[in-house]
file my_file.cif (mmCIF, N, CA and C atoms)
data_target
#
loop_
_atom_site.label_atom_id
_atom_site.label_comp_id
_atom_site.auth_asym_id
_atom_site.auth_seq_id
_atom_site.Cartn_x
_atom_site.Cartn_y
_atom_site.Cartn_z
N SER T 225 -31.71 5.22 -29.34
CA SER T 225 -32.77 5.24 -30.34
C SER T 225 -33.90 6.15 -29.87
N HIS T 226 -34.73 6.54 -30.80
CA HIS T 226 -35.84 7.44 -30.48
C HIS T 226 -36.89 6.76 -29.60
N ALA T 227 -37.14 5.48 -29.85
CA ALA T 227 -38.13 4.75 -29.04
C ALA T 227 -37.63 4.61 -27.60
N GLY T 228 -36.36 4.35 -27.42
CA GLY T 228 -35.78 4.23 -26.08
C GLY T 228 -35.86 5.54 -25.32
N MET T 229 -35.58 6.64 -26.03
CA MET T 229 -35.66 7.96 -25.39
C MET T 229 -37.10 8.27 -25.01
N ALA T 230 -38.04 7.99 -25.91
CA ALA T 230 -39.46 8.26 -25.63
C ALA T 230 -39.92 7.43 -24.43
N LEU T 231 -39.48 6.17 -24.38
CA LEU T 231 -39.84 5.32 -23.25
C LEU T 231 -39.23 5.85 -21.95
N SER T 232 -38.00 6.32 -22.01
CA SER T 232 -37.35 6.88 -20.82
C SER T 232 -38.09 8.11 -20.31
N VAL T 233 -38.48 8.97 -21.23
CA VAL T 233 -39.21 10.18 -20.84
C VAL T 233 -40.55 9.80 -20.23
N LEU T 234 -41.23 8.82 -20.82
CA LEU T 234 -42.52 8.37 -20.30
C LEU T 234 -42.37 7.79 -18.89
N VAL T 235 -41.32 7.00 -18.68
CA VAL T 235 -41.10 6.41 -17.36
C VAL T 235 -40.83 7.50 -16.33
N ILE T 236 -40.02 8.47 -16.67
CA ILE T 236 -39.74 9.57 -15.74
C ILE T 236 -41.00 10.38 -15.48
N LEU T 237 -41.79 10.61 -16.51
CA LEU T 237 -43.05 11.33 -16.34
C LEU T 237 -43.95 10.58 -15.36
N LEU T 238 -44.07 9.27 -15.52
CA LEU T 238 -44.91 8.48 -14.63
C LEU T 238 -44.35 8.43 -13.21
N LEU T 239 -43.03 8.35 -13.08
CA LEU T 239 -42.42 8.37 -11.75
C LEU T 239 -42.68 9.70 -11.04
N SER T 240 -42.62 10.79 -11.79
CA SER T 240 -42.89 12.11 -11.21
C SER T 240 -44.35 12.22 -10.78
N MET T 241 -45.25 11.67 -11.59
CA MET T 241 -46.67 11.68 -11.22
C MET T 241 -46.89 10.83 -9.97
N LEU T 242 -46.24 9.68 -9.90
CA LEU T 242 -46.36 8.82 -8.74
C LEU T 242 -45.81 9.50 -7.49
N TYR T 243 -44.72 10.24 -7.64
CA TYR T 243 -44.14 10.98 -6.52
C TYR T 243 -45.18 11.95 -5.94
N GLU T 244 -45.86 12.68 -6.82
CA GLU T 244 -46.87 13.64 -6.36
C GLU T 244 -48.05 12.91 -5.72
N ALA T 245 -48.44 11.76 -6.26
CA ALA T 245 -49.55 11.00 -5.68
C ALA T 245 -49.19 10.49 -4.29
N VAL T 246 -47.96 10.03 -4.11
CA VAL T 246 -47.52 9.57 -2.80
C VAL T 246 -47.49 10.73 -1.81
N LYS T 247 -47.07 11.89 -2.28
CA LYS T 247 -47.04 13.07 -1.42
C LYS T 247 -48.45 13.43 -0.94
N MET T 248 -49.41 13.34 -1.82
CA MET T 248 -50.79 13.63 -1.43
C MET T 248 -51.34 12.54 -0.51
N GLY T 249 -50.99 11.28 -0.79
CA GLY T 249 -51.43 10.19 0.08
C GLY T 249 -50.90 10.34 1.49
N LYS T 250 -49.67 10.81 1.59
CA LYS T 250 -49.07 11.04 2.91
C LYS T 250 -49.82 12.14 3.66
N ALA T 251 -50.25 13.17 2.95
CA ALA T 251 -51.00 14.25 3.59
C ALA T 251 -52.37 13.75 4.07
N VAL T 252 -53.00 12.89 3.28
CA VAL T 252 -54.29 12.33 3.69
C VAL T 252 -54.12 11.47 4.94
N LEU T 253 -53.06 10.66 4.97
CA LEU T 253 -52.81 9.84 6.15
C LEU T 253 -52.52 10.69 7.38
N LEU T 254 -51.83 11.79 7.19
CA LEU T 254 -51.55 12.69 8.32
C LEU T 254 -52.85 13.23 8.89
N ARG T 255 -53.75 13.63 8.03
CA ARG T 255 -55.04 14.16 8.49
C ARG T 255 -55.80 13.09 9.26
N ARG T 256 -55.82 11.86 8.73
CA ARG T 256 -56.52 10.78 9.42
C ARG T 256 -55.86 10.45 10.76
N ALA T 257 -54.54 10.51 10.80
CA ALA T 257 -53.83 10.23 12.05
C ALA T 257 -54.15 11.28 13.10
N LEU T 258 -54.23 12.53 12.68
CA LEU T 258 -54.55 13.59 13.63
C LEU T 258 -55.99 13.45 14.13
N LEU T 259 -56.89 13.01 13.27
CA LEU T 259 -58.28 12.81 13.69
C LEU T 259 -58.40 11.59 14.61
N ALA T 260 -57.47 10.64 14.52
CA ALA T 260 -57.51 9.44 15.35
C ALA T 260 -56.99 9.69 16.76
N LEU T 261 -56.26 10.79 16.94
CA LEU T 261 -55.77 11.09 18.28
C LEU T 261 -56.94 11.39 19.21
N PRO T 262 -56.82 11.00 20.48
CA PRO T 262 -57.90 11.34 21.41
C PRO T 262 -58.00 12.85 21.58
N ARG T 263 -59.22 13.32 21.76
CA ARG T 263 -59.42 14.76 21.91
C ARG T 263 -58.75 15.29 23.17
N SER T 264 -58.73 14.46 24.21
CA SER T 264 -58.10 14.86 25.46
C SER T 264 -56.88 13.99 25.67
N LEU T 265 -55.76 14.60 25.86
CA LEU T 265 -54.53 13.86 26.14
C LEU T 265 -54.25 13.89 27.64
N SER T 266 -55.29 13.60 28.40
CA SER T 266 -55.12 13.62 29.84
C SER T 266 -54.26 12.44 30.29
N ARG T 267 -53.75 12.53 31.47
CA ARG T 267 -52.90 11.49 32.01
C ARG T 267 -53.66 10.17 32.10
N GLU T 268 -54.95 10.23 32.46
CA GLU T 268 -55.73 9.01 32.61
C GLU T 268 -55.88 8.27 31.28
N SER T 269 -55.99 8.99 30.18
CA SER T 269 -56.21 8.33 28.90
C SER T 269 -54.92 7.74 28.33
N LEU T 270 -53.77 8.17 28.85
CA LEU T 270 -52.50 7.68 28.31
C LEU T 270 -51.80 6.68 29.22
N MET T 271 -52.22 6.59 30.49
CA MET T 271 -51.53 5.71 31.43
C MET T 271 -52.02 4.28 31.30
N GLU T 272 -51.12 3.36 31.62
CA GLU T 272 -51.50 1.96 31.67
C GLU T 272 -52.30 1.73 32.95
N PRO T 273 -53.13 0.67 32.98
CA PRO T 273 -53.89 0.42 34.20
C PRO T 273 -52.97 0.08 35.37
N GLU T 274 -53.41 0.45 36.56
CA GLU T 274 -52.60 0.19 37.75
C GLU T 274 -52.76 -1.27 38.18
N GLU T 275 -51.95 -1.68 39.18
CA GLU T 275 -51.94 -3.08 39.61
C GLU T 275 -53.29 -3.52 40.15
N GLY T 276 -54.02 -2.66 40.84
CA GLY T 276 -55.30 -3.03 41.44
C GLY T 276 -56.42 -3.16 40.43
N ASP T 277 -56.23 -2.62 39.23
CA ASP T 277 -57.27 -2.70 38.21
C ASP T 277 -57.39 -4.12 37.70
N THR T 278 -58.58 -4.47 37.29
CA THR T 278 -58.79 -5.82 36.75
C THR T 278 -58.39 -5.89 35.29
N GLY T 279 -58.05 -4.78 34.71
CA GLY T 279 -57.66 -4.76 33.29
C GLY T 279 -58.86 -4.39 32.45
N PRO T 280 -58.63 -4.19 31.19
CA PRO T 280 -59.74 -3.79 30.35
C PRO T 280 -60.73 -4.94 30.17
N ALA T 281 -61.98 -4.61 30.35
CA ALA T 281 -63.02 -5.62 30.15
C ALA T 281 -63.28 -5.78 28.66
N GLN T 282 -63.94 -6.87 28.34
CA GLN T 282 -64.25 -7.11 26.93
C GLN T 282 -65.20 -6.01 26.48
N GLY T 283 -64.90 -5.40 25.36
CA GLY T 283 -65.72 -4.29 24.87
C GLY T 283 -65.29 -2.96 25.45
N SER T 284 -64.25 -2.96 26.26
CA SER T 284 -63.76 -1.72 26.84
C SER T 284 -63.06 -0.91 25.77
N PRO T 285 -63.09 0.43 25.88
CA PRO T 285 -62.45 1.24 24.85
C PRO T 285 -60.94 1.25 24.93
N SER T 286 -60.35 0.42 25.76
CA SER T 286 -58.90 0.42 25.82
C SER T 286 -58.37 -0.99 25.62
N LEU T 287 -57.19 -1.07 25.07
CA LEU T 287 -56.58 -2.35 24.76
C LEU T 287 -55.14 -2.29 25.25
N MET T 288 -54.78 -3.17 26.16
CA MET T 288 -53.44 -3.21 26.73
C MET T 288 -53.05 -1.86 27.33
N GLY T 289 -54.00 -1.18 27.93
CA GLY T 289 -53.70 0.06 28.62
C GLY T 289 -53.73 1.29 27.75
N PHE T 290 -53.81 1.14 26.43
CA PHE T 290 -53.84 2.28 25.54
C PHE T 290 -55.22 2.40 24.92
N PRO T 291 -55.68 3.59 24.73
CA PRO T 291 -56.96 3.74 24.05
C PRO T 291 -56.86 3.18 22.63
N ILE T 292 -57.98 2.71 22.12
CA ILE T 292 -57.98 2.15 20.77
C ILE T 292 -57.54 3.20 19.76
N SER T 293 -57.85 4.45 20.02
CA SER T 293 -57.45 5.50 19.08
C SER T 293 -55.93 5.59 18.97
N PHE T 294 -55.21 5.25 20.05
CA PHE T 294 -53.75 5.25 19.96
C PHE T 294 -53.29 4.20 18.97
N HIS T 295 -53.88 3.01 18.99
CA HIS T 295 -53.49 1.95 18.06
C HIS T 295 -53.82 2.35 16.63
N ARG T 296 -54.95 2.99 16.43
CA ARG T 296 -55.30 3.46 15.09
C ARG T 296 -54.30 4.53 14.66
N TRP T 297 -53.97 5.44 15.59
CA TRP T 297 -52.99 6.47 15.26
C TRP T 297 -51.66 5.83 14.91
N PHE T 298 -51.24 4.80 15.66
CA PHE T 298 -49.97 4.14 15.40
C PHE T 298 -49.98 3.48 14.02
N GLN T 299 -51.08 2.87 13.64
CA GLN T 299 -51.19 2.26 12.31
C GLN T 299 -51.05 3.33 11.23
N TYR T 300 -51.70 4.46 11.41
CA TYR T 300 -51.57 5.55 10.45
C TYR T 300 -50.13 6.05 10.40
N HIS T 301 -49.47 6.09 11.55
CA HIS T 301 -48.08 6.56 11.59
C HIS T 301 -47.16 5.60 10.83
N VAL T 302 -47.39 4.31 10.97
CA VAL T 302 -46.61 3.32 10.22
C VAL T 302 -46.87 3.51 8.72
N GLY T 303 -48.12 3.72 8.36
CA GLY T 303 -48.45 3.98 6.95
C GLY T 303 -47.75 5.23 6.42
N GLN T 304 -47.74 6.28 7.23
CA GLN T 304 -47.05 7.51 6.82
C GLN T 304 -45.56 7.25 6.64
N THR T 305 -44.97 6.45 7.51
CA THR T 305 -43.55 6.15 7.40
C THR T 305 -43.25 5.42 6.10
N LEU T 306 -44.09 4.44 5.77
CA LEU T 306 -43.90 3.71 4.51
C LEU T 306 -44.07 4.63 3.30
N PHE T 307 -45.08 5.50 3.36
CA PHE T 307 -45.26 6.46 2.28
C PHE T 307 -44.05 7.37 2.15
N HIS T 308 -43.47 7.77 3.30
CA HIS T 308 -42.30 8.64 3.28
C HIS T 308 -41.11 7.96 2.60
N VAL T 309 -40.90 6.68 2.93
CA VAL T 309 -39.79 5.94 2.32
C VAL T 309 -39.98 5.86 0.81
N VAL T 310 -41.19 5.54 0.37
CA VAL T 310 -41.47 5.48 -1.07
C VAL T 310 -41.25 6.84 -1.72
N GLN T 311 -41.69 7.90 -1.04
CA GLN T 311 -41.53 9.25 -1.58
C GLN T 311 -40.05 9.61 -1.72
N VAL T 312 -39.24 9.27 -0.74
CA VAL T 312 -37.81 9.58 -0.80
C VAL T 312 -37.15 8.81 -1.93
N VAL T 313 -37.47 7.51 -2.05
CA VAL T 313 -36.87 6.69 -3.10
C VAL T 313 -37.25 7.23 -4.48
N LEU T 314 -38.53 7.53 -4.67
CA LEU T 314 -38.96 8.08 -5.97
C LEU T 314 -38.30 9.42 -6.25
N GLY T 315 -38.19 10.26 -5.23
CA GLY T 315 -37.55 11.57 -5.41
C GLY T 315 -36.10 11.44 -5.85
N TYR T 316 -35.37 10.52 -5.21
CA TYR T 316 -33.97 10.33 -5.60
C TYR T 316 -33.86 9.73 -7.00
N MET T 317 -34.79 8.85 -7.36
CA MET T 317 -34.74 8.27 -8.71
C MET T 317 -34.97 9.35 -9.77
N VAL T 318 -35.95 10.21 -9.54
CA VAL T 318 -36.21 11.29 -10.49
C VAL T 318 -35.04 12.26 -10.51
N MET T 319 -34.47 12.56 -9.34
CA MET T 319 -33.32 13.46 -9.28
C MET T 319 -32.14 12.91 -10.07
N LEU T 320 -31.87 11.62 -9.91
CA LEU T 320 -30.76 11.02 -10.64
C LEU T 320 -31.01 11.04 -12.15
N ALA T 321 -32.25 10.84 -12.55
CA ALA T 321 -32.57 10.89 -13.98
C ALA T 321 -32.37 12.30 -14.51
N VAL T 322 -32.80 13.31 -13.76
CA VAL T 322 -32.63 14.70 -14.19
C VAL T 322 -31.15 15.05 -14.26
N MET T 323 -30.36 14.47 -13.38
CA MET T 323 -28.93 14.77 -13.37
C MET T 323 -28.18 14.15 -14.56
N SER T 324 -28.91 13.45 -15.42
CA SER T 324 -28.29 12.98 -16.66
C SER T 324 -28.08 14.14 -17.63
N TYR T 325 -28.61 15.31 -17.28
CA TYR T 325 -28.49 16.55 -18.07
C TYR T 325 -29.07 16.38 -19.47
N ASN T 326 -30.14 15.60 -19.56
CA ASN T 326 -30.86 15.44 -20.81
C ASN T 326 -32.10 16.31 -20.74
N ALA T 327 -32.27 17.19 -21.70
CA ALA T 327 -33.38 18.15 -21.67
C ALA T 327 -34.73 17.43 -21.74
N TRP T 328 -34.83 16.35 -22.50
CA TRP T 328 -36.10 15.64 -22.62
C TRP T 328 -36.47 14.96 -21.30
N ILE T 329 -35.49 14.39 -20.63
CA ILE T 329 -35.74 13.77 -19.32
C ILE T 329 -36.18 14.84 -18.32
N PHE T 330 -35.50 15.99 -18.37
CA PHE T 330 -35.86 17.10 -17.48
C PHE T 330 -37.29 17.55 -17.74
N LEU T 331 -37.68 17.70 -19.00
CA LEU T 331 -39.04 18.11 -19.32
C LEU T 331 -40.05 17.04 -18.90
N GLY T 332 -39.68 15.77 -19.05
CA GLY T 332 -40.56 14.69 -18.59
C GLY T 332 -40.81 14.76 -17.09
N ALA T 333 -39.76 15.08 -16.33
CA ALA T 333 -39.90 15.21 -14.87
C ALA T 333 -40.78 16.40 -14.51
N ILE T 334 -40.60 17.51 -15.22
CA ILE T 334 -41.40 18.71 -14.94
C ILE T 334 -42.86 18.49 -15.30
N VAL T 335 -43.10 17.94 -16.49
CA VAL T 335 -44.48 17.69 -16.92
C VAL T 335 -45.15 16.66 -16.01
N GLY T 336 -44.42 15.61 -15.64
CA GLY T 336 -44.98 14.60 -14.75
C GLY T 336 -45.32 15.16 -13.38
N SER T 337 -44.45 16.00 -12.86
CA SER T 337 -44.72 16.63 -11.57
C SER T 337 -45.93 17.56 -11.65
N THR T 338 -46.02 18.29 -12.76
CA THR T 338 -47.16 19.19 -12.94
C THR T 338 -48.46 18.42 -13.07
N LEU T 339 -48.46 17.38 -13.90
CA LEU T 339 -49.67 16.56 -14.08
C LEU T 339 -50.04 15.85 -12.78
N GLY T 340 -49.05 15.34 -12.06
CA GLY T 340 -49.31 14.66 -10.81
C GLY T 340 -49.93 15.57 -9.77
N TYR T 341 -49.49 16.81 -9.72
CA TYR T 341 -50.06 17.77 -8.78
C TYR T 341 -51.46 18.17 -9.23
N PHE T 342 -51.65 18.32 -10.52
CA PHE T 342 -52.95 18.75 -11.06
C PHE T 342 -54.01 17.68 -10.83
N VAL T 343 -53.64 16.42 -11.04
CA VAL T 343 -54.61 15.32 -10.89
C VAL T 343 -54.79 15.08 -9.41
#

call {"tool": "encode", "arguments": {"input": "my_file.cif", "output": "structure tokens"}}
result
Amino acid sequence: SHAGMALSVLVILLLSMLYEAVKMGKAVLLRRALLALPRSLSRESLMEPEEGDTGPAQGSPSLMGFPISFHRWFQYHVGQTLFHVVQVVLGYMVMLAVMSYNAWIFLGAIVGSTLGYFV
């Protein structure tokens, strides 16, 4: 039916827009992750405390031997991984819809991708 086709095109358009939004979100997280890395990757900033050390004191900039920035970077990396999985799933869903060889679905994917990138 015409309503079903229009709804299908709209769903594909929105999925394509969401794909572009996730791609941009991943880029933002990458930038934040890079800013969270310590400026100096010296051996002292990456090594765990030695046996003679008393360990990190309360309020110390390190937690369990790693700088706090490493933990923040790790959180951003986990976020990027989740964004990547969502991006791959959305990409395959749009690809499978386009492979239906329906011109309207194809145009919905193109317009959605264009609008998603523009916004």

call {"tool": "atom_distance", "arguments": {"input": "my_file.cif", "atom1": "atom N of Phe294 of chain T", "atom2": "atom N of Val309 of chain T"}}
result
22.4 Å

call {"tool": "closest_residue", "arguments": {"input": "my_file.cif", "among": "T:Phe298, T:Ala333, T:Ser232, T:Ala260", "to": "Met319 of chain T", "atoms": "only C-alpha atoms"}}
result
T:Ala333

call {"tool": "closest_residue", "arguments": {"input": "my_file.cif", "among": "T:Met229, T:Met241, T:Ile329, T:Leu259", "to": "Tyr341 of chain T", "atoms": "all atoms listed in the file"}}
result
T:Met241

call {"tool": "closest_residue", "arguments": {"input": "my_file.cif", "among": "T:Met317, T:Thr305, T:Ala327, T:Leu339", "to": "Lys250 of chain T", "atoms": "all atoms listed in the file"}}
result
T:Thr305

call {"tool": "closest_residue", "arguments": {"input": "my_file.cif", "among": "T:His226, T:Val343, T:His301, T:His295", "to": "Arg255 of chain T", "atoms": "only C-alpha atoms"}}
result
T:His301

call {"tool": "atom_distance", "arguments": {"input": "my_file.cif", "atom1": "atom N of Val310 of chain T", "atom2": "atom N of Phe342 of chain T"}}
result
19.8 Å

call {"tool": "atom_distance", "arguments": {"input": "my_file.cif", "atom1": "atom CA of Trp328 of chain T", "atom2": "atom CA of Phe307 of chain T"}}
result
28.1 Å

call {"tool": "residues_around", "arguments": {"input": "my_file.cif", "residues": "Ile334 of chain T", "least_positions_apart": "4", "cutoff": "8 Å", "atoms": "only C-alpha atoms", "output": "JSON list (two decimals) with N, CA and C atoms, in the coordinates of the input"}}
result
[["chain", "number", "residue", "atom", "x", "y", "z"],
["T", 237, "LEU", "N", -41.79, 10.61, -16.51],
["T", 237, "LEU", "CA", -43.05, 11.33, -16.34],
["T", 237, "LEU", "C", -43.95, 10.58, -15.36],
["T", 240, "SER", "N", -42.62, 10.79, -11.79],
["T", 240, "SER", "CA", -42.89, 12.11, -11.21],
["T", 240, "SER", "C", -44.35, 12.22, -10.78],
["T", 330, "PHE", "N", -35.50, 15.99, -18.37],
["T", 330, "PHE", "CA", -35.86, 17.10, -17.48],
["T", 330, "PHE", "C", -37.29, 17.55, -17.74],
["T", 338, "THR", "N", -46.02, 18.29, -12.76],
["T", 338, "THR", "CA", -47.16, 19.19, -12.94],
["T", 338, "THR", "C", -48.46, 18.42, -13.07]]

call {"tool": "axis_aligned_box", "arguments": {"input": "my_file.cif", "around": "segment 251-258 of chain T", "padding_each_side": "6 Å", "output": "JSON"}}
result
{"center_x": -53.4, "center_y": 12.0, "center_z": 8.5, "size_x": 18.3, "size_y": 16.4, "size_z": 23.2}

call {"tool": "closest_residue", "arguments": {"input": "my_file.cif", "among": "T:Ala257, T:Val233, T:Ala321, T:Lys247", "to": "Gln299 of chain T", "atoms": "all atoms listed in the file"}}
result
T:Ala257

call {"tool": "decode", "arguments": {"input": "my_file.cif", "residues": "segment 303-325 of chain T", "atoms": "N, CA, C and O atoms", "output": "PDB file, in the first residue's frame"}}
result
ATOM      1  N   GLY T 303      32.783   4.090  25.370  1.00  0.00           N
ATOM      2  CA  GLY T 303      31.712   4.818  24.683  1.00  0.00           C
ATOM      3  C   GLY T 303      31.876   4.779  23.171  1.00  0.00           C
ATOM      4  O   GLY T 303      30.908   4.560  22.437  1.00  0.00           O
ATOM      5  N   GLN T 304      33.105   4.975  22.709  1.00  0.00           N
ATOM      6  CA  GLN T 304      33.368   4.904  21.266  1.00  0.00           C
ATOM      7  C   GLN T 304      33.061   3.515  20.730  1.00  0.00           C
ATOM      8  O   GLN T 304      32.526   3.381  19.628  1.00  0.00           O
ATOM      9  N   THR T 305      33.395   2.486  21.482  1.00  0.00           N
ATOM     10  CA  THR T 305      33.125   1.118  21.045  1.00  0.00           C
ATOM     11  C   THR T 305      31.633   0.888  20.892  1.00  0.00           C
ATOM     12  O   THR T 305      31.176   0.307  19.899  1.00  0.00           O
ATOM     13  N   LEU T 306      30.858   1.355  21.871  1.00  0.00           N
ATOM     14  CA  LEU T 306      29.401   1.204  21.788  1.00  0.00           C
ATOM     15  C   LEU T 306      28.834   1.993  20.605  1.00  0.00           C
ATOM     16  O   LEU T 306      27.962   1.496  19.889  1.00  0.00           O
ATOM     17  N   PHE T 307      29.334   3.207  20.400  1.00  0.00           N
ATOM     18  CA  PHE T 307      28.899   3.985  19.246  1.00  0.00           C
ATOM     19  C   PHE T 307      29.233   3.266  17.952  1.00  0.00           C
ATOM     20  O   PHE T 307      28.466   3.280  16.993  1.00  0.00           O
ATOM     21  N   HIS T 308      30.410   2.617  17.899  1.00  0.00           N
ATOM     22  CA  HIS T 308      30.823   1.901  16.697  1.00  0.00           C
ATOM     23  C   HIS T 308      29.875   0.736  16.401  1.00  0.00           C
ATOM     24  O   HIS T 308      29.488   0.525  15.254  1.00  0.00           O
ATOM     25  N   VAL T 309      29.502  -0.002  17.453  1.00  0.00           N
ATOM     26  CA  VAL T 309      28.588  -1.134  17.263  1.00  0.00           C
ATOM     27  C   VAL T 309      27.250  -0.642  16.724  1.00  0.00           C
ATOM     28  O   VAL T 309      26.696  -1.209  15.781  1.00  0.00           O
ATOM     29  N   VAL T 310      26.729   0.436  17.308  1.00  0.00           N
ATOM     30  CA  VAL T 310      25.457   1.003  16.834  1.00  0.00           C
ATOM     31  C   VAL T 310      25.589   1.467  15.389  1.00  0.00           C
ATOM     32  O   VAL T 310      24.699   1.242  14.563  1.00  0.00           O
ATOM     33  N   GLN T 311      26.722   2.096  15.063  1.00  0.00           N
ATOM     34  CA  GLN T 311      26.937   2.578  13.699  1.00  0.00           C
ATOM     35  C   GLN T 311      26.974   1.418  12.705  1.00  0.00           C
ATOM     36  O   GLN T 311      26.371   1.499  11.634  1.00  0.00           O
ATOM     37  N   VAL T 312      27.641   0.339  13.053  1.00  0.00           N
ATOM     38  CA  VAL T 312      27.723  -0.816  12.151  1.00  0.00           C
ATOM     39  C   VAL T 312      26.343  -1.435  11.953  1.00  0.00           C
ATOM     40  O   VAL T 312      25.943  -1.752  10.825  1.00  0.00           O
ATOM     41  N   VAL T 313      25.590  -1.601  13.045  1.00  0.00           N
ATOM     42  CA  VAL T 313      24.253  -2.197  12.946  1.00  0.00           C
ATOM     43  C   VAL T 313      23.345  -1.334  12.076  1.00  0.00           C
ATOM     44  O   VAL T 313      22.647  -1.835  11.181  1.00  0.00           O
ATOM     45  N   LEU T 314      23.355  -0.018  12.318  1.00  0.00           N
ATOM     46  CA  LEU T 314      22.523   0.877  11.501  1.00  0.00           C
ATOM     47  C   LEU T 314      22.951   0.846  10.035  1.00  0.00           C
ATOM     48  O   LEU T 314      22.115   0.845   9.135  1.00  0.00           O
ATOM     49  N   GLY T 315      24.258   0.822   9.799  1.00  0.00           N
ATOM     50  CA  GLY T 315      24.754   0.779   8.423  1.00  0.00           C
ATOM     51  C   GLY T 315      24.291  -0.465   7.682  1.00  0.00           C
ATOM     52  O   GLY T 315      23.862  -0.390   6.527  1.00  0.00           O
ATOM     53  N   TYR T 316      24.360  -1.614   8.359  1.00  0.00           N
ATOM     54  CA  TYR T 316      23.904  -2.848   7.719  1.00  0.00           C
ATOM     55  C   TYR T 316      22.396  -2.845   7.501  1.00  0.00           C
ATOM     56  O   TYR T 316      21.900  -3.355   6.491  1.00  0.00           O
ATOM     57  N   MET T 317      21.651  -2.255   8.439  1.00  0.00           N
ATOM     58  CA  MET T 317      20.199  -2.194   8.256  1.00  0.00           C
ATOM     59  C   MET T 317      19.835  -1.336   7.038  1.00  0.00           C
ATOM     60  O   MET T 317      18.984  -1.726   6.227  1.00  0.00           O
ATOM     61  N   VAL T 318      20.483  -0.193   6.907  1.00  0.00           N
ATOM     62  CA  VAL T 318      20.219   0.672   5.754  1.00  0.00           C
ATOM     63  C   VAL T 318      20.675  -0.017   4.475  1.00  0.00           C
ATOM     64  O   VAL T 318      19.983   0.024   3.448  1.00  0.00           O
ATOM     65  N   MET T 319      21.830  -0.693   4.524  1.00  0.00           N
ATOM     66  CA  MET T 319      22.319  -1.396   3.339  1.00  0.00           C
ATOM     67  C   MET T 319      21.340  -2.476   2.896  1.00  0.00           C
ATOM     68  O   MET T 319      21.037  -2.610   1.699  1.00  0.00           O
ATOM     69  N   LEU T 320      20.823  -3.239   3.854  1.00  0.00           N
ATOM     70  CA  LEU T 320      19.869  -4.289   3.497  1.00  0.00           C
ATOM     71  C   LEU T 320      18.586  -3.700   2.912  1.00  0.00           C
ATOM     72  O   LEU T 320      17.999  -4.270   1.988  1.00  0.00           O
ATOM     73  N   ALA T 321      18.158  -2.568   3.438  1.00  0.00           N
ATOM     74  CA  ALA T 321      16.959  -1.920   2.892  1.00  0.00           C
ATOM     75  C   ALA T 321      17.212  -1.447   1.468  1.00  0.00           C
ATOM     76  O   ALA T 321      16.364  -1.619   0.584  1.00  0.00           O
ATOM     77  N   VAL T 322      18.379  -0.871   1.217  1.00  0.00           N
ATOM     78  CA  VAL T 322      18.711  -0.400  -0.130  1.00  0.00           C
ATOM     79  C   VAL T 322      18.809  -1.584  -1.089  1.00  0.00           C
ATOM     80  O   VAL T 322      18.438  -1.478  -2.258  1.00  0.00           O
ATOM     81  N   MET T 323      19.255  -2.715  -0.591  1.00  0.00           N
ATOM     82  CA  MET T 323      19.393  -3.891  -1.451  1.00  0.00           C
ATOM     83  C   MET T 323      18.050  -4.512  -1.834  1.00  0.00           C
ATOM     84  O   MET T 323      18.018  -5.493  -2.574  1.00  0.00           O
ATOM     85  N   SER T 324      16.965  -3.917  -1.362  1.00  0.00           N
ATOM     86  CA  SER T 324      15.644  -4.354  -1.830  1.00  0.00           C
ATOM     87  C   SER T 324      15.393  -3.884  -3.256  1.00  0.00           C
ATOM     88  O   SER T 324      14.420  -4.280  -3.880  1.00  0.00           O
ATOM     89  N   TYR T 325      16.302  -3.049  -3.774  1.00  0.00           N
ATOM     90  CA  TYR T 325      16.243  -2.514  -5.146  1.00  0.00           C
ATOM     91  C   TYR T 325      14.963  -1.723  -5.388  1.00  0.00           C
ATOM     92  O   TYR T 325      14.412  -1.734  -6.475  1.00  0.00           O
TER      93      TYR T 325
END
